[in-house]
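Accompanying notes for the structure given below.
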Amino acid sequence: MKKFDRERVLLAVAGPVIALAVAFALTSIVLVASGQNPVEPYALMFEQLGFSDIQVLIINQASMYYIAALSVAIGFRMNLFNIGVDGQYQLGAMLAAIVGAHVALPAALQVPLLLLTAVLTGAFWAGIAGVLKVTRGVSEVVATIMLNAIATSVIAYMWLPNVFGVKVGNNNTTGEMHESGWIPGIPMGAAGEIYGLVLLAVLLGIGYWVVLNRTRFGFDLRASGASQTAAAASGVDPKRMVLSAMLISGGIAGLAGLPILLGDTHTYSLNFPTGIGFLGIGIALLGRNSPVGIAFAALLWAWLDKASPELDFHGYDKEIAVIMQGLIVLSVVVSYEAVREWGLRRQQRRVGAELAAGHVLGNTNTTKEVAGR
């Protein structure tokens, strides 16, 4: 491997490693400050990895985190901050649940219909922010935050009994979906089932890499994110790329809730997971917008979620995992900036050394020419 390639790999790995090390160290300090053992909670959570049922839960949870993080990463690639993934995926899941409860088609048609419903819903909701940005210059951060609040109100409205709501005890639901829209899981014996749509998450990750690295659209997207002025000079329409990125990001976000919807709950209710969109931001940051990096980050986040309940049985607060997640996000931002500065300094020193070597070589050749005369 060439020296330059080794340095690129080192820079790519250094940020996440430093962030995780700092987060673990700071969490240990919090434990010591509260008079608790700074090592035992980690040991207890690592023990959970040996149980097959916890492994299944981690994979299932990670599939939703992964899809949400991919959605955020697409925005990051375009230098956009789609903070509205949470509203987009919740609306996508709810509309898919409503369609699944009121439309009964053969499975070969029902499942694609539900997937398309979720994609179009998420894309539409993100597209509102995209249109506002390209036509009125409204920050996508502000627009998507407001759209998250509006999405919550829209969901509450659709839960009304005279709209699409079905009351089950004290729980608001959209009614059970027809079985033709259920996606069977991968049976793992007594450990349970892995969601069938885990495979969708894998395919989305592969598609994300191919589009960004092997297509003209992906090149235009990355170029526009790096410099809209330079991209425009090469014939790329920055506004079109902004809108396209928001639509694609929202479309993928709409799928984030479907693994559990089609594989387990089969209805959208008050118990449906929330906050996945916000967690996707931290996961995308930790994974450096790379499909493989995001996969490891999603598994890490899911492990913290699913292993932490064990802490309650040993006198520790399971919120330790939440503290660690928050510290990881903070550490990621700081460590990446530190690594970037370090990389720039190394590059400047290397360029300086090469210029100095060239200057010395030039002087040597001049001396030889004079001596030859």
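Ordering of the structure tokens sets the chain letters (A, B, ...), residue numbers begin anew at 1 in every chain, and ligands are numbered from 1 in the order given.
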
*Excluding A:Ile18 and any residue of its chain fewer than 5 positions from it, enumerate the residues within 9 Å of it, using only C-alpha atoms, and give them as a PyMOL selection string.*
chain A and resi 13+23+331-332+335-336

Using only C-alpha atoms, find each residue of stretch 247-326 of chain A with at least one atom at most 9 Å away from an atom of stretch 37-52 of chain A; report its shortest atom-to-atom pair and that distance in Å (one decimal), sort the rows by chain and rising residue number, and return the result as a Markdown table.
```
| residue | atom | partner | partner_atom | distance |
| --- | --- | --- | --- | --- |
| A:Trp303 | CA | A:Leu49 | CA | 7.9 |
| A:Leu304 | CA | A:Met45 | CA | 7.6 |
| A:Lys306 | CA | A:Gln48 | CA | 8.5 |
| A:Ala307 | CA | A:Met45 | CA | 5.0 |
| A:Ser308 | CA | A:Met45 | CA | 6.2 |
| A:Pro309 | CA | A:Met45 | CA | 8.8 |
| A:Glu310 | CA | A:Met45 | CA | 7.2 |
| A:Leu311 | CA | A:Pro41 | CA | 6.6 |
| A:His314 | CA | A:Pro41 | CA | 8.7 |
| A:Tyr316 | CA | A:Pro41 | CA | 7.3 |
| A:Ile320 | CA | A:Pro41 | CA | 8.4 |
```

Suppose we keep N, CA, C and O atoms; can you now write the selection as a PDB file, in the first residue's frame?
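This went into again.pdb:
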```
ATOM      1  N   TRP A 303     -26.326  -2.007  20.201  1.00  0.00           N
ATOM      2  CA  TRP A 303     -25.804  -2.751  21.353  1.00  0.00           C
ATOM      3  C   TRP A 303     -25.983  -1.954  22.639  1.00  0.00           C
ATOM      4  O   TRP A 303     -26.397  -2.501  23.672  1.00  0.00           O
ATOM      5  N   LEU A 304     -25.681  -0.666  22.610  1.00  0.00           N
ATOM      6  CA  LEU A 304     -25.867   0.165  23.792  1.00  0.00           C
ATOM      7  C   LEU A 304     -27.323   0.175  24.233  1.00  0.00           C
ATOM      8  O   LEU A 304     -27.624   0.167  25.436  1.00  0.00           O
ATOM      9  N   LYS A 306     -29.742  -2.212  23.594  1.00  0.00           N
ATOM     10  CA  LYS A 306     -30.295  -3.518  23.969  1.00  0.00           C
ATOM     11  C   LYS A 306     -29.549  -4.194  25.115  1.00  0.00           C
ATOM     12  O   LYS A 306     -30.096  -5.073  25.775  1.00  0.00           O
ATOM     13  N   ALA A 307     -28.300  -3.790  25.349  1.00  0.00           N
ATOM     14  CA  ALA A 307     -27.540  -4.392  26.449  1.00  0.00           C
ATOM     15  C   ALA A 307     -27.690  -3.614  27.751  1.00  0.00           C
ATOM     16  O   ALA A 307     -27.493  -4.165  28.837  1.00  0.00           O
ATOM     17  N   SER A 308     -28.055  -2.327  27.647  1.00  0.00           N
ATOM     18  CA  SER A 308     -28.111  -1.486  28.848  1.00  0.00           C
ATOM     19  C   SER A 308     -29.207  -1.881  29.851  1.00  0.00           C
ATOM     20  O   SER A 308     -29.013  -1.660  31.060  1.00  0.00           O
ATOM     21  N   PRO A 309     -30.368  -2.441  29.442  1.00  0.00           N
ATOM     22  CA  PRO A 309     -31.361  -2.812  30.464  1.00  0.00           C
ATOM     23  C   PRO A 309     -30.832  -3.767  31.524  1.00  0.00           C
ATOM     24  O   PRO A 309     -31.342  -3.790  32.655  1.00  0.00           O
ATOM     25  N   GLU A 310     -29.808  -4.554  31.196  1.00  0.00           N
ATOM     26  CA  GLU A 310     -29.226  -5.478  32.168  1.00  0.00           C
ATOM     27  C   GLU A 310     -28.627  -4.739  33.361  1.00  0.00           C
ATOM     28  O   GLU A 310     -28.552  -5.279  34.475  1.00  0.00           O
ATOM     29  N   LEU A 311     -28.234  -3.483  33.151  1.00  0.00           N
ATOM     30  CA  LEU A 311     -27.594  -2.720  34.228  1.00  0.00           C
ATOM     31  C   LEU A 311     -28.539  -2.495  35.397  1.00  0.00           C
ATOM     32  O   LEU A 311     -28.107  -2.386  36.554  1.00  0.00           O
ATOM     33  N   HIS A 314     -28.275  -4.812  38.332  1.00  0.00           N
ATOM     34  CA  HIS A 314     -27.013  -4.836  39.075  1.00  0.00           C
ATOM     35  C   HIS A 314     -26.727  -3.511  39.772  1.00  0.00           C
ATOM     36  O   HIS A 314     -25.581  -3.223  40.131  1.00  0.00           O
ATOM     37  N   TYR A 316     -27.044  -0.418  38.586  1.00  0.00           N
ATOM     38  CA  TYR A 316     -26.589   0.685  37.746  1.00  0.00           C
ATOM     39  C   TYR A 316     -27.775   1.229  36.943  1.00  0.00           C
ATOM     40  O   TYR A 316     -28.726   0.502  36.636  1.00  0.00           O
ATOM     41  N   ILE A 320     -26.831   5.094  31.589  1.00  0.00           N
ATOM     42  CA  ILE A 320     -25.402   5.180  31.306  1.00  0.00           C
ATOM     43  C   ILE A 320     -25.177   5.079  29.791  1.00  0.00           C
ATOM     44  O   ILE A 320     -24.326   5.771  29.223  1.00  0.00           O
TER      45      ILE A 320
END
```

*Between A:Gly235, A:Gly84, A:Gly257, A:Pro106, which has the minimum distance to A:Val72 (counting only C-alpha atoms)?*
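Going through A:Gly235, A:Gly84, A:Gly257, A:Pro106 one by one, the smallest distance to A:Val72 is for A:Gly84.
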
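Shortest separation to A:Gly189 among A:Pro291, A:Val56, A:Val17, A:Met241 occurs at residue A:Val56, atoms counted being only C-alpha atoms.
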
*Pull the helix (DSSP H, G or I) assignments for stretch 48-249 of chain A out of DSSP run on the backbone, and list those residues as a ChimeraX atom specification.*
/A:48,52-77,85-102,107-136,140-158,179-181,189-191,198-214,216-226,228-233,238-249

*Might you pull out every residue within 9 Å of A:Tyr195, with only C-alpha atoms counted and same-chain residues fewer than 3 positions away left off, and present them as a ChimeraX atom specification?*
/A:56,59-60,63,183-186,198-199,259-260,262-264

_Using only C-alpha atoms: which of A:Gly122, A:Gly293, A:Pro112, A:Gly169 has the shortest distance to A:Gly250_ =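 Closest candidate: A:Gly122.
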
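The space between atom CA of A:Ser244 and atom CA of A:Trp301 spans 29.0 Å.
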
*Top pick for closest residue to A:Leu31, considering A:Pro187, A:Met158, A:Val210, A:Glu319 and counting only C-alpha atoms*: A:Glu319

*Selection near A:Ala73, 12 Å with only C-alpha atoms, sequence-local residues under 5 positions removed, as an NGL selection string*: :A and (66-68 or 78-83 or 85 or 205 or 208-209 or 212 or 221-222 or 225 or 245-246 or 248-250 or 252-253 or 277 or 280-291 or 293-294)

So that I have them on file, write out the residues from the current selection with C-alpha atoms, as a CSV table (one decimal), in the first residue's frame.
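For reference, out_33.csv as written:
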```csv
chain,number,residue,atom,x,y,z
A,66,TYR,CA,-28.8,2.1,9.5
A,67,ILE,CA,-31.5,3.2,7.1
A,68,ALA,CA,-32.0,6.4,9.1
A,78,MET,CA,-24.5,17.5,-0.3
A,79,ASN,CA,-23.5,19.7,2.7
A,80,LEU,CA,-27.2,19.6,3.8
A,81,PHE,CA,-28.3,18.9,7.4
A,82,ASN,CA,-31.6,16.9,7.1
A,83,ILE,CA,-32.6,17.1,10.7
A,85,VAL,CA,-35.5,12.4,9.3
A,205,GLY,CA,-26.1,0.4,1.7
A,208,TYR,CA,-25.7,4.1,-1.6
A,209,TRP,CA,-22.0,3.2,-2.3
A,212,LEU,CA,-22.1,7.9,-4.9
A,221,LEU,CA,-23.7,15.3,-5.6
A,222,ARG,CA,-20.3,15.1,-4.0
A,225,GLY,CA,-21.4,19.4,-1.6
A,245,ALA,CA,-30.6,15.2,-2.4
A,246,MET,CA,-33.5,16.2,-0.1
A,248,ILE,CA,-33.6,11.0,-2.0
A,249,SER,CA,-32.8,11.6,1.7
A,250,GLY,CA,-36.5,11.8,2.6
A,252,ILE,CA,-34.9,6.6,2.3
A,253,ALA,CA,-35.9,8.1,5.7
A,277,GLY,CA,-34.1,10.0,13.0
A,280,GLY,CA,-29.3,8.5,12.8
A,281,ILE,CA,-27.4,11.9,12.9
A,282,GLY,CA,-24.9,10.6,15.4
A,283,ILE,CA,-24.6,7.3,13.7
A,284,ALA,CA,-23.9,9.0,10.3
A,285,LEU,CA,-21.3,11.2,12.0
A,286,LEU,CA,-19.5,8.3,13.7
A,287,GLY,CA,-19.6,6.3,10.5
A,288,ARG,CA,-18.1,9.2,8.5
A,289,ASN,CA,-20.9,8.8,5.9
A,290,SER,CA,-19.4,5.5,4.8
A,291,PRO,CA,-21.8,2.6,4.3
A,293,GLY,CA,-18.7,2.8,8.9
A,294,ILE,CA,-22.4,3.5,9.4
```

Name the residues of stretch 145-246 of chain A that fall into strand (DSSP E) according to DSSP on the backbone, using the chain letters and numbers of this document, as a compact mmCIF listing (two decimals) with C-alpha atoms, in the first residue's frame.
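Contents of states-v8.txt, as written:
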```
# COMPACT_ATOMS: atom_id res chain seq x y z
CA VAL A 166 -58.53 2.57 15.73
CA LYS A 167 -58.66 2.63 19.53
CA VAL A 168 -57.27 -0.49 21.23
CA ASN A 171 -53.60 2.87 22.72
CA ASN A 172 -54.06 4.79 19.48
CA THR A 173 -53.42 2.60 16.43
CA ILE A 186 -35.49 -15.06 9.32
CA PRO A 187 -36.14 -17.66 12.08
CA GLU A 193 -36.63 -13.72 14.23
CA ILE A 194 -34.46 -11.29 12.34
```

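Between atom CA of A:Phe272 and atom CA of A:Ser180 the separation is 20.7 Å.
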
*asked:* Given only C-alpha atoms as the basis, pick out the residue of A:Arg240, A:Gln36, A:Leu26, A:Ala230 nearest to A:Gly315.
replied: A:Gln36

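For the atom pair formed by atom CA of A:Gly196 and atom CA of A:Val211, the distance is 23.9 Å, given to one decimal.
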
*Quick one: of A:Gly218, A:Ala118, A:Gly275, A:Asp317, who's nearest to A:Ser34, counting only C-alpha atoms?*
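Nearest candidate to A:Ser34 out of A:Gly218, A:Ala118, A:Gly275, A:Asp317: A:Asp317.
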